[in-house]
Amino acid sequence: MAEGEEPMVVDGGNGDRSDWQGRWDHVNKFLERAGPFTHPDFEPSTEALSGFRHIHVVDMDTIDISNLNRQFLFRPKDVGRPKAEVAADFVNDRVLGCNVVPHFKKIQDLDETFYKQFHIVVCGLDSVVARRWMNGMLLSLLIYEDGVLDPSSIIPLIDGGTEGFKGNARVILPGMTACIDCTLELYPPQINFPMCTIASMPRLPEHCVEYVRMLLWPKEKPFGDGVALDGDNPKHIQWVYQKSLDRAAEFSITGVTYRLTQGVVKRIIPAVASTNAVIAAACATEVFKIATSAYVPLNNYLVFNDVDGLYTYTFEAERKENCSACSQMPQDLQFLPSAKLQEVLDYLTENASLQMKSPAITTTLDGKNKTLYLQTVASIEERTRPNLSKTLKELGLVDGQELAVADVTTPQTVLFKLNFIS
Amino acid sequence: MTDHKTSKEQKYDRQLRLWGDHGQEALENAHVCLINATATGTEILKNLVLPGIGAFTIVDGHKVSGEGVGNNFFLTSSSIGKNRAQAATELLQELNSDVSGNFVEESPDKLLDNDPEFFHRFSLVIGVQLPESTCLRLGSVLWDAGVTFLVCRTYGLIGYMRLIVKEHTVIESHPDNALEDLRLDQPFTELKHHIESYDLDSMAKKDHSHTPWIIVVAKYLEKWYSEHNSQLPKNYKEKEAFRQLIREGILTNENGKPEDEENFEEAIKNVNTALNPTKVPSATEDIFNAEQCENITSQSPSFWVMAQGVRDFVRNEGNGKLPVRGTIPDMIADSDKFIKLQNVYRDKAMKDAAVVSKHVEALLQSVGKPPESISEQKIKLFCKNAAFLRVVHCRSLAEEYSMDTFNKDEITSCMDSEMVLYLMLHSVDRFYQQHSRYPGVYNYQVEEDINNLKLCVNSLLQEYSLNVNVKDDYIHEFCRYGAAEPHTVAAFLGGSAAQEAIKIITHQFVPFNNTFLYNAMSQTSATFQL
């Protein structure tokens, strides 16, 4: 812009050079005017608008060519670069005044000082574990005074997910509405093929691929000792594909293709631009509603499916009274004193409401902190493994014993109370 | 067998798993027309360009305004004053170099005046934010030309889509929960022989426990028949007794305790659906009875030629049943038994498809077309999906609007739902006709326009003799919207409309029929057939 030229301004004249006449026309009607369906607390105002400007994006991934059919902020030249950085660059360039800050990290690499700064958190994660972690993080930021929740400590979580032509969007007000863990049963655990089928009784082409992935690869180590199967390495997939064909031929099974092979190895979920656009839009609408208080947000779960026509279903997911993440209620464990620690471990992983991945159990014995079992560090796993076959009584645990359990599904430890049954 | 895929195969991998290479080919041969590159329009097109549509043409006579950039990701402030069709084409084109982007700087009305056949070249025309008169005019032209028309509109927090297509056939509808085609109620000869080859009572435990549940059910069904006058278990009580019969067949160990026979558990679990009588589904029956199926000419699309071929099969060699589908679900069994059983179904499916092929060939010849004009592959696909065929007819806009044929019943019976939004959209169209603008665009207009809009609502209801009540709240809200096109609502429609467009182009999955309404306030939606 030439020197001395008047910058275009919008109502309020904040002198922001990134605005032009009419920029906010499609939005300001919702903020300047009262209406019959607005939020009861909404008060229209004609304050100058600036759009959503302060956005941080966290993503641990780099761009893959297979992302390009739907991830519209990325181009072929960006393959290999971190998603967060490319997305930030694109948006900052395209949307004047917007300042997206990228974080090429896992969500777990950031702590409460990071997450505390936000008004709203939006997730488009690719696993239930990650969702539970984020859910737990926002729950950990809640402040209770004399048992009463301080509403200013609530950071709304808007979560979206898709699979093929299906998707869902939900609004979570931590501490107030159903959280991810309250509705864990909505995500049934992934069922894998039984081992005996894979090892000796394959029937489907998928069984053949799993055989190669789980049994043949560790045995033959085709690319060297300690080299793990990398689903993104075409040479690895090619090897698996050929061996899967051999396995299939042995049992007269047809249907093994390269595409099928890669799909099984990488657990690929089909994805298209359209479903993601719908769910992202629904989530963004909720961000708008919450940020502006203009409308009552979605309460609280939307399901979408456009295989046959377009189908939506909206319902209020209920809080679970004894939710292990948000209820603040002590979690009960009922076991015989003669039960082995392994049974407790199995319960933590297999119970539909807990679905932990690799729980680490610690407790206080004789005034000292003791790790009963921990899987994620090899040396500690080895040391504590014998505890699994000991009974709870043998381990010195008493009725009412408090067990602290840590797991990838939550940033905070979950406290359990051990109740002995007879 | 390539050891690395082409970059297109890699790029489109995630969607190829949904609509296959043939679906992708159909997409890449399609040319879609978008009228009006508003936020809604560009969001729709984005979701067609990314998956690799062959070509698009934007028809838009408008210039880019400051307001139009504010809600549109595919326009920038540097294009203010320029032609919107061109500006949007540039930013959409760069999403995917496989796609050919074109633009025409002209309003659709002008085009219809000067070159009415302009739209005939497109696979699909998507009209966005069109005034009612343009919509109706274009609708009539496209209906006569046989070009599918998808109308989309974002109005405040409301999204609207209307699909207009005389006849849309679907072979691959990909139903979510399809019942298997096992023929246990009427096993074909080859299946009967295969079942006979098993003698459960004389099997070693390993074989007994790894016999496919289909065989188990078949064997116990024979037992049941002998005790029940060859009648299938019909009601809950009988099915329960049948399940018990199977349960009693589970081997026991030396202490009399039942062994762990998962295949028998599977058999018991599947009794409910496995004994369903094999019959032609009503949707397929309707297709057989349709006039297009009965009267095959040299102009008949291959769908109807194949339909008659299958119909003839059903009436003759099929004995009232469709060609065998040929697939069975996975089940606990050893490889050998499972593969052999699977092959019995597969071979029968191939045999049936070959018979259907003969019918189809004869049909083609009878209308003077070469028998190769419909490939074996296509016929096989048709036979495999014979139970899932769908035909969608979406009425014309003229029929929807006409006093004689508008769907009064649907409107009056659905007033508790998003239907009221449909009436509001019609009302704002009336307002536009009268005032050459939409209600409430400027703050000072809102108050006055509420009364004017109410008059439009009432005149609409009166004209169509609709004895329904439209709450004042909606009239107020629609004035409040000021015909705004918020980006997030446009984007929701963008995804929805693009997927419907893909369904139309690929002839896979089932399109909606025919009016879709989305309410972003409540995050609810509904589909009406108007």
# chains A, B, ... in the order shown; residues from 1 in each chain; ligands from 1
>>> residues_around(residues="stretch 160-169 of chain A", least_positions_apart="4", cutoff="10 Å", atoms="only C-alpha atoms", output="MDAnalysis selection string")
(chainID A and resid 122:128 131 269:284 286 298 300:308 310:314) or (chainID B and resid 14:15 17:18 499 523)
>>> interface_residues(of="chain B", to="chain A", cutoff="7 Å", atoms="only C-alpha atoms", output="CSV table (one decimal) with all heavy atoms, in the first residue's frame")
chain,number,residue,atom,x,y,z
B,3,ASP,N,5.7,-52.8,-8.3
B,3,ASP,CA,6.1,-52.7,-6.9
B,3,ASP,C,6.1,-51.3,-6.4
B,3,ASP,O,6.4,-51.1,-5.3
B,3,ASP,CB,7.5,-53.4,-6.8
B,3,ASP,CG,8.6,-52.6,-7.5
B,3,ASP,OD1,8.3,-51.7,-8.3
B,3,ASP,OD2,9.8,-52.9,-7.3
B,4,HIS,N,5.7,-50.4,-7.2
B,4,HIS,CA,5.4,-49.1,-6.6
B,4,HIS,C,4.2,-48.5,-7.4
B,4,HIS,O,4.1,-48.7,-8.6
B,4,HIS,CB,6.5,-48.1,-6.6
B,4,HIS,CG,6.9,-47.6,-7.9
B,4,HIS,ND1,7.9,-48.2,-8.7
B,4,HIS,CD2,6.5,-46.5,-8.6
B,4,HIS,CE1,8.0,-47.5,-9.8
B,4,HIS,NE2,7.2,-46.5,-9.8
B,10,GLN,N,-1.3,-43.4,-5.4
B,10,GLN,CA,-0.9,-43.2,-4.0
B,10,GLN,C,-1.7,-42.0,-3.5
B,10,GLN,O,-2.2,-42.1,-2.4
B,10,GLN,CB,0.6,-42.8,-4.0
B,10,GLN,CG,1.5,-43.9,-4.2
B,10,GLN,CD,3.0,-43.4,-4.2
B,10,GLN,OE1,3.4,-42.7,-5.0
B,10,GLN,NE2,3.7,-43.8,-3.1
B,11,LYS,N,-1.9,-41.0,-4.3
B,11,LYS,CA,-2.6,-39.8,-3.8
B,11,LYS,C,-4.0,-40.1,-3.5
B,11,LYS,O,-4.6,-39.7,-2.5
B,11,LYS,CB,-2.5,-38.7,-4.9
B,11,LYS,CG,-3.3,-37.4,-4.6
B,11,LYS,CD,-2.9,-36.3,-5.4
B,11,LYS,CE,-3.5,-36.3,-6.8
B,11,LYS,NZ,-3.3,-35.0,-7.6
B,12,TYR,N,-4.7,-40.9,-4.4
B,12,TYR,CA,-6.1,-41.2,-4.2
B,12,TYR,C,-6.3,-42.5,-3.4
B,12,TYR,O,-7.5,-42.9,-3.3
B,12,TYR,CB,-6.8,-41.3,-5.6
B,12,TYR,CG,-6.7,-40.0,-6.4
B,12,TYR,CD1,-6.4,-40.0,-7.8
B,12,TYR,CD2,-7.0,-38.8,-5.8
B,12,TYR,CE1,-6.4,-38.8,-8.5
B,12,TYR,CE2,-6.9,-37.6,-6.5
B,12,TYR,CZ,-6.6,-37.6,-7.9
B,12,TYR,OH,-6.6,-36.5,-8.6
B,13,ASP,N,-5.3,-43.1,-2.9
B,13,ASP,CA,-5.4,-44.4,-2.2
B,13,ASP,C,-6.6,-44.5,-1.3
B,13,ASP,O,-7.4,-45.4,-1.3
B,13,ASP,CB,-4.2,-44.7,-1.4
B,13,ASP,CG,-4.3,-46.1,-0.7
B,13,ASP,OD1,-4.1,-47.1,-1.4
B,13,ASP,OD2,-4.6,-46.1,0.5
B,14,ARG,N,-6.8,-43.5,-0.4
B,14,ARG,CA,-7.8,-43.5,0.7
B,14,ARG,C,-9.2,-43.5,0.1
B,14,ARG,O,-10.1,-44.0,0.8
B,14,ARG,CB,-7.6,-42.4,1.7
B,14,ARG,CG,-6.2,-42.4,2.4
B,14,ARG,CD,-6.0,-43.7,3.1
B,14,ARG,NE,-4.8,-43.6,3.9
B,14,ARG,CZ,-3.6,-44.0,3.5
B,14,ARG,NH1,-3.4,-44.5,2.3
B,14,ARG,NH2,-2.5,-43.9,4.3
B,15,GLN,N,-9.4,-42.9,-1.1
B,15,GLN,CA,-10.7,-42.9,-1.6
B,15,GLN,C,-11.0,-44.0,-2.6
B,15,GLN,O,-12.1,-44.5,-2.8
B,15,GLN,CB,-11.0,-41.6,-2.3
B,15,GLN,CG,-10.2,-41.4,-3.6
B,15,GLN,CD,-10.1,-39.9,-4.0
B,15,GLN,OE1,-9.9,-39.0,-3.2
B,15,GLN,NE2,-10.1,-39.6,-5.3
B,17,ARG,N,-10.3,-46.9,-2.0
B,17,ARG,CA,-10.8,-48.0,-1.1
B,17,ARG,C,-12.3,-47.9,-0.9
B,17,ARG,O,-12.9,-48.8,-0.4
B,17,ARG,CB,-10.0,-48.0,0.2
B,17,ARG,CG,-8.6,-48.4,0.1
B,17,ARG,CD,-7.8,-48.0,1.4
B,17,ARG,NE,-6.4,-48.2,1.1
B,17,ARG,CZ,-5.7,-49.4,1.1
B,17,ARG,NH1,-6.4,-50.5,1.5
B,17,ARG,NH2,-4.4,-49.4,0.9
B,18,LEU,N,-12.9,-46.8,-1.3
B,18,LEU,CA,-14.3,-46.6,-1.2
B,18,LEU,C,-15.0,-46.8,-2.5
B,18,LEU,O,-16.1,-47.5,-2.5
B,18,LEU,CB,-14.6,-45.2,-0.6
B,18,LEU,CG,-14.2,-45.0,0.9
B,18,LEU,CD1,-14.2,-43.5,1.2
B,18,LEU,CD2,-15.2,-45.8,1.8
B,47,ASN,N,-14.2,-29.9,-2.7
B,47,ASN,CA,-14.4,-31.3,-2.4
B,47,ASN,C,-14.6,-32.2,-3.6
B,47,ASN,O,-14.8,-33.4,-3.5
B,47,ASN,CB,-15.5,-31.5,-1.4
B,47,ASN,CG,-15.2,-30.8,-0.1
B,47,ASN,OD1,-14.1,-30.9,0.4
B,47,ASN,ND2,-16.2,-30.1,0.5
B,50,LEU,N,-10.4,-31.9,-5.1
B,50,LEU,CA,-9.4,-32.7,-4.4
B,50,LEU,C,-9.4,-34.2,-4.8
B,50,LEU,O,-8.4,-34.8,-5.0
B,50,LEU,CB,-9.6,-32.6,-2.9
B,50,LEU,CG,-9.2,-31.3,-2.2
B,50,LEU,CD1,-9.7,-31.1,-0.8
B,50,LEU,CD2,-7.7,-31.1,-2.2
B,51,PRO,N,-10.6,-34.8,-4.9
B,51,PRO,CA,-10.6,-36.2,-5.3
B,51,PRO,C,-10.4,-36.5,-6.8
B,51,PRO,O,-10.4,-37.6,-7.2
B,51,PRO,CB,-12.0,-36.7,-4.9
B,51,PRO,CG,-12.9,-35.5,-4.7
B,51,PRO,CD,-12.0,-34.4,-4.4
B,66,GLY,N,-15.9,-7.1,-1.5
B,66,GLY,CA,-15.2,-7.2,-0.2
B,66,GLY,C,-15.9,-8.2,0.7
B,66,GLY,O,-15.3,-9.1,1.3
B,67,GLU,N,-17.2,-8.2,0.6
B,67,GLU,CA,-18.1,-9.1,1.4
B,67,GLU,C,-17.8,-10.5,0.9
B,67,GLU,O,-17.8,-11.5,1.7
B,67,GLU,CB,-19.5,-8.7,1.2
B,67,GLU,CG,-20.5,-9.6,1.8
B,67,GLU,CD,-21.9,-9.2,1.5
B,67,GLU,OE1,-22.4,-8.3,2.2
B,67,GLU,OE2,-22.5,-9.7,0.5
B,69,VAL,N,-15.2,-11.8,-0.3
B,69,VAL,CA,-13.9,-12.4,0.0
B,69,VAL,C,-13.9,-12.8,1.5
B,69,VAL,O,-13.3,-13.8,1.9
B,69,VAL,CB,-12.8,-11.3,-0.2
B,69,VAL,CG1,-11.5,-11.9,0.3
B,69,VAL,CG2,-12.8,-10.9,-1.6
B,70,GLY,N,-14.7,-12.1,2.3
B,70,GLY,CA,-14.7,-12.3,3.7
B,70,GLY,C,-15.1,-13.7,4.2
B,70,GLY,O,-14.6,-14.2,5.2
B,71,ASN,N,-15.9,-14.4,3.4
B,71,ASN,CA,-16.4,-15.7,3.8
B,71,ASN,C,-15.9,-16.8,2.9
B,71,ASN,O,-16.3,-17.9,3.0
B,71,ASN,CB,-17.9,-15.8,4.0
B,71,ASN,CG,-18.6,-15.7,2.6
B,71,ASN,OD1,-18.0,-15.3,1.6
B,71,ASN,ND2,-19.8,-16.0,2.6
B,95,LEU,N,-5.4,-26.6,-6.3
B,95,LEU,CA,-5.6,-27.7,-5.4
B,95,LEU,C,-5.2,-29.0,-6.0
B,95,LEU,O,-4.8,-29.9,-5.2
B,95,LEU,CB,-7.1,-27.8,-5.0
B,95,LEU,CG,-7.7,-26.8,-3.9
B,95,LEU,CD1,-9.2,-27.1,-3.9
B,95,LEU,CD2,-7.1,-27.1,-2.6
B,334,ASP,N,-11.4,-74.6,9.5
B,334,ASP,CA,-10.0,-74.7,8.9
B,334,ASP,C,-10.0,-74.3,7.5
B,334,ASP,O,-11.1,-74.2,6.8
B,334,ASP,CB,-9.5,-76.1,9.1
B,334,ASP,CG,-10.2,-77.2,8.3
B,334,ASP,OD1,-10.4,-77.1,7.1
B,334,ASP,OD2,-10.7,-78.2,9.0
B,335,SER,N,-8.8,-73.9,7.0
B,335,SER,CA,-8.7,-73.3,5.7
B,335,SER,C,-9.4,-74.1,4.6
B,335,SER,O,-10.2,-73.6,3.8
B,335,SER,CB,-7.3,-73.1,5.3
B,335,SER,OG,-6.6,-72.5,6.4
B,338,PHE,N,-13.2,-74.1,4.7
B,338,PHE,CA,-13.8,-72.8,4.4
B,338,PHE,C,-13.6,-72.5,2.9
B,338,PHE,O,-14.6,-72.1,2.2
B,338,PHE,CB,-13.1,-71.7,5.2
B,338,PHE,CG,-13.6,-70.3,4.9
B,338,PHE,CD1,-14.7,-69.9,5.5
B,338,PHE,CD2,-13.0,-69.5,3.9
B,338,PHE,CE1,-15.2,-68.6,5.2
B,338,PHE,CE2,-13.4,-68.3,3.7
B,338,PHE,CZ,-14.6,-67.8,4.3
B,339,ILE,N,-12.4,-72.7,2.3
B,339,ILE,CA,-12.2,-72.4,0.9
B,339,ILE,C,-13.1,-73.3,0.0
B,339,ILE,O,-13.7,-72.8,-0.9
B,339,ILE,CB,-10.7,-72.6,0.6
B,339,ILE,CG1,-9.9,-71.7,1.4
B,339,ILE,CG2,-10.5,-72.4,-0.9
B,339,ILE,CD1,-10.1,-70.2,1.2
B,473,ASP,N,-41.2,-16.6,15.4
B,473,ASP,CA,-39.8,-16.7,15.6
B,473,ASP,C,-39.0,-17.0,14.4
B,473,ASP,O,-37.9,-16.4,14.2
B,473,ASP,CB,-39.5,-17.9,16.6
B,473,ASP,CG,-39.9,-17.5,18.1
B,473,ASP,OD1,-40.1,-16.2,18.3
B,473,ASP,OD2,-39.9,-18.3,18.9
B,476,HIS,N,-38.8,-13.8,12.2
B,476,HIS,CA,-37.8,-12.9,12.8
B,476,HIS,C,-36.4,-13.4,12.5
B,476,HIS,O,-35.5,-12.6,12.0
B,476,HIS,CB,-38.0,-12.9,14.3
B,476,HIS,CG,-37.1,-11.9,15.0
B,476,HIS,ND1,-37.2,-11.6,16.4
B,476,HIS,CD2,-36.1,-11.2,14.6
B,476,HIS,CE1,-36.3,-10.7,16.7
B,476,HIS,NE2,-35.6,-10.5,15.7
B,477,GLU,N,-36.2,-14.7,12.7
B,477,GLU,CA,-34.8,-15.3,12.5
B,477,GLU,C,-34.3,-15.1,11.1
B,477,GLU,O,-33.2,-14.8,10.8
B,477,GLU,CB,-34.8,-16.7,13.0
B,477,GLU,CG,-33.4,-17.4,12.9
B,477,GLU,CD,-32.5,-17.0,14.0
B,477,GLU,OE1,-32.9,-16.1,14.9
B,477,GLU,OE2,-31.3,-17.5,14.1
B,480,ARG,N,-33.3,-11.7,10.5
B,480,ARG,CA,-32.0,-11.5,11.2
B,480,ARG,C,-30.9,-12.0,10.3
B,480,ARG,O,-29.8,-11.4,10.3
B,480,ARG,CB,-32.1,-12.3,12.5
B,480,ARG,CG,-30.8,-12.2,13.3
B,480,ARG,CD,-31.1,-12.7,14.7
B,480,ARG,NE,-29.9,-12.6,15.5
B,480,ARG,CZ,-29.0,-13.6,15.6
B,480,ARG,NH1,-29.2,-14.7,15.1
B,480,ARG,NH2,-27.9,-13.4,16.3
B,481,TYR,N,-31.1,-13.1,9.6
B,481,TYR,CA,-30.0,-13.7,8.8
B,481,TYR,C,-29.5,-12.7,7.8
B,481,TYR,O,-28.3,-12.7,7.4
B,481,TYR,CB,-30.4,-14.9,8.1
B,481,TYR,CG,-30.6,-16.1,9.0
B,481,TYR,CD1,-31.5,-17.2,8.6
B,481,TYR,CD2,-30.0,-16.2,10.2
B,481,TYR,CE1,-31.7,-18.3,9.4
B,481,TYR,CE2,-30.2,-17.3,11.0
B,481,TYR,CZ,-31.0,-18.3,10.6
B,481,TYR,OH,-31.2,-19.4,11.4
B,484,ALA,N,-27.2,-13.8,4.9
B,484,ALA,CA,-25.8,-14.0,5.1
B,484,ALA,C,-25.4,-15.4,4.7
B,484,ALA,O,-26.3,-16.3,4.8
B,484,ALA,CB,-25.4,-13.8,6.6
B,485,GLU,N,-24.2,-15.6,4.4
B,485,GLU,CA,-23.7,-17.0,4.0
B,485,GLU,C,-22.5,-17.3,4.8
B,485,GLU,O,-21.3,-17.2,4.4
B,485,GLU,CB,-23.3,-16.9,2.5
B,485,GLU,CG,-23.1,-18.2,1.8
B,485,GLU,CD,-22.6,-18.1,0.4
B,485,GLU,OE1,-22.4,-17.0,0.0
B,485,GLU,OE2,-22.4,-19.2,-0.2
B,486,PRO,N,-22.7,-17.6,6.1
B,486,PRO,CA,-21.5,-17.9,7.0
B,486,PRO,C,-20.7,-19.0,6.5
B,486,PRO,O,-21.3,-20.1,6.0
B,486,PRO,CB,-22.1,-18.2,8.3
B,486,PRO,CG,-23.6,-18.2,8.2
B,486,PRO,CD,-24.0,-17.9,6.8
B,488,THR,N,-19.0,-21.5,7.8
B,488,THR,CA,-19.0,-22.9,8.4
B,488,THR,C,-20.3,-23.6,7.8
B,488,THR,O,-20.3,-24.8,7.6
B,488,THR,CB,-19.0,-22.9,9.9
B,488,THR,OG1,-20.2,-22.2,10.4
B,488,THR,CG2,-17.8,-22.3,10.5
B,489,VAL,N,-21.4,-22.8,7.6
B,489,VAL,CA,-22.6,-23.5,7.1
B,489,VAL,C,-22.3,-23.8,5.6
B,489,VAL,O,-22.7,-24.9,5.1
B,489,VAL,CB,-23.8,-22.6,7.2
B,489,VAL,CG1,-25.1,-23.3,6.8
B,489,VAL,CG2,-24.0,-22.2,8.7
B,491,ALA,N,-19.5,-24.5,4.3
B,491,ALA,CA,-18.6,-25.7,4.3
B,491,ALA,C,-19.3,-27.0,4.6
B,491,ALA,O,-19.0,-28.0,4.0
B,491,ALA,CB,-17.5,-25.4,5.3
B,492,PHE,N,-20.3,-27.0,5.5
B,492,PHE,CA,-21.1,-28.2,5.8
B,492,PHE,C,-21.8,-28.6,4.5
B,492,PHE,O,-21.7,-29.8,4.1
B,492,PHE,CB,-22.1,-27.9,6.9
B,492,PHE,CG,-22.8,-29.1,7.4
B,492,PHE,CD1,-22.4,-29.7,8.6
B,492,PHE,CD2,-23.9,-29.7,6.7
B,492,PHE,CE1,-23.0,-30.9,9.1
B,492,PHE,CE2,-24.5,-30.8,7.2
B,492,PHE,CZ,-24.1,-31.4,8.4
B,495,GLY,N,-19.4,-30.1,1.8
B,495,GLY,CA,-19.1,-31.5,1.9
B,495,GLY,C,-20.2,-32.4,1.5
B,495,GLY,O,-20.1,-33.4,0.8
B,496,SER,N,-21.4,-32.0,2.0
B,496,SER,CA,-22.6,-32.8,1.7
B,496,SER,C,-22.9,-32.8,0.2
B,496,SER,O,-23.1,-33.9,-0.4
B,496,SER,CB,-23.8,-32.2,2.4
B,496,SER,OG,-23.6,-32.0,3.8
B,498,ALA,N,-20.9,-32.2,-2.4
B,498,ALA,CA,-19.9,-32.8,-3.2
B,498,ALA,C,-20.1,-34.3,-3.1
B,498,ALA,O,-19.9,-35.0,-4.1
B,498,ALA,CB,-18.5,-32.4,-2.6
B,499,GLN,N,-20.4,-34.8,-2.0
B,499,GLN,CA,-20.6,-36.3,-1.9
B,499,GLN,C,-21.7,-36.7,-2.7
B,499,GLN,O,-21.7,-37.8,-3.4
B,499,GLN,CB,-20.7,-36.7,-0.4
B,499,GLN,CG,-20.7,-38.2,-0.3
B,499,GLN,CD,-19.5,-38.9,-1.0
B,499,GLN,OE1,-18.4,-38.3,-1.0
B,499,GLN,NE2,-19.7,-40.0,-1.6
B,509,PHE,N,-23.2,-45.8,-4.3
B,509,PHE,CA,-23.9,-45.3,-3.1
B,509,PHE,C,-25.2,-44.6,-3.5
B,509,PHE,O,-25.4,-44.3,-4.7
B,509,PHE,CB,-23.0,-44.3,-2.3
B,509,PHE,CG,-21.6,-44.9,-2.0
B,509,PHE,CD1,-20.5,-44.8,-2.8
B,509,PHE,CD2,-21.5,-45.7,-0.9
B,509,PHE,CE1,-19.3,-45.4,-2.5
B,509,PHE,CE2,-20.3,-46.4,-0.6
B,509,PHE,CZ,-19.2,-46.2,-1.4
B,510,VAL,N,-26.1,-44.3,-2.6
B,510,VAL,CA,-27.4,-43.9,-3.0
B,510,VAL,C,-27.6,-42.4,-2.7
B,510,VAL,O,-27.4,-41.9,-1.5
B,510,VAL,CB,-28.5,-44.7,-2.2
B,510,VAL,CG1,-29.9,-44.3,-2.7
B,510,VAL,CG2,-28.3,-46.2,-2.4
B,511,PRO,N,-28.0,-41.6,-3.7
B,511,PRO,CA,-28.2,-40.1,-3.5
B,511,PRO,C,-29.4,-39.9,-2.7
B,511,PRO,O,-30.3,-40.8,-2.6
B,511,PRO,CB,-28.3,-39.6,-4.9
B,511,PRO,CG,-28.1,-40.7,-5.8
B,511,PRO,CD,-28.2,-41.9,-5.1
B,512,PHE,N,-29.5,-38.7,-2.1
B,512,PHE,CA,-30.7,-38.4,-1.3
B,512,PHE,C,-31.8,-38.0,-2.3
B,512,PHE,O,-31.6,-37.7,-3.4
B,512,PHE,CB,-30.4,-37.2,-0.4
B,512,PHE,CG,-30.3,-35.8,-1.1
B,512,PHE,CD1,-31.3,-34.9,-1.0
B,512,PHE,CD2,-29.2,-35.5,-1.9
B,512,PHE,CE1,-31.2,-33.7,-1.6
B,512,PHE,CE2,-29.1,-34.3,-2.5
B,512,PHE,CZ,-30.1,-33.4,-2.4
B,521,MET,N,-28.1,-24.3,13.8
B,521,MET,CA,-28.3,-23.9,15.2
B,521,MET,C,-28.5,-25.1,16.1
B,521,MET,O,-27.9,-25.2,17.2
B,521,MET,CB,-29.6,-23.1,15.3
B,521,MET,CG,-29.5,-21.8,14.6
B,521,MET,SD,-31.0,-20.8,14.9
B,521,MET,CE,-32.2,-21.6,13.8
B,522,SER,N,-29.3,-26.1,15.6
B,522,SER,CA,-29.5,-27.3,16.4
B,522,SER,C,-28.6,-28.5,15.9
B,522,SER,O,-28.7,-29.5,16.6
B,522,SER,CB,-31.0,-27.7,16.2
B,522,SER,OG,-31.3,-27.8,14.8
B,523,GLN,N,-27.9,-28.3,14.8
B,523,GLN,CA,-27.1,-29.4,14.3
B,523,GLN,C,-28.0,-30.6,14.0
B,523,GLN,O,-27.7,-31.7,14.3
B,523,GLN,CB,-25.9,-29.7,15.2
B,523,GLN,CG,-24.9,-28.6,15.4
B,523,GLN,CD,-23.9,-28.5,14.3
B,523,GLN,OE1,-24.2,-28.8,13.1
B,523,GLN,NE2,-22.7,-27.9,14.6
B,524,THR,N,-29.1,-30.3,13.3
B,524,THR,CA,-30.0,-31.4,12.9
B,524,THR,C,-30.2,-31.2,11.4
B,524,THR,O,-29.9,-30.2,10.8
B,524,THR,CB,-31.3,-31.3,13.6
B,524,THR,OG1,-31.9,-30.0,13.4
B,524,THR,CG2,-31.2,-31.5,15.1
B,525,SER,N,-30.8,-32.3,10.8
B,525,SER,CA,-31.1,-32.2,9.4
B,525,SER,C,-32.3,-33.1,9.1
B,525,SER,O,-32.7,-33.9,9.9
B,525,SER,CB,-29.9,-32.7,8.6
B,525,SER,OG,-29.7,-34.1,8.7
>>> atom_distance(atom1="atom CA of A:Glu85", atom2="atom CA of A:Cys98")
14.3 Å
>>> atom_distance(atom1="atom CA of B:Leu364", atom2="atom CA of B:Tyr345")
28.2 Å
>>> closest_residue(among="A:Leu395, A:Leu341, A:Ala378, A:Phe52", to="A:Thr364", atoms="only C-alpha atoms")
A:Leu395
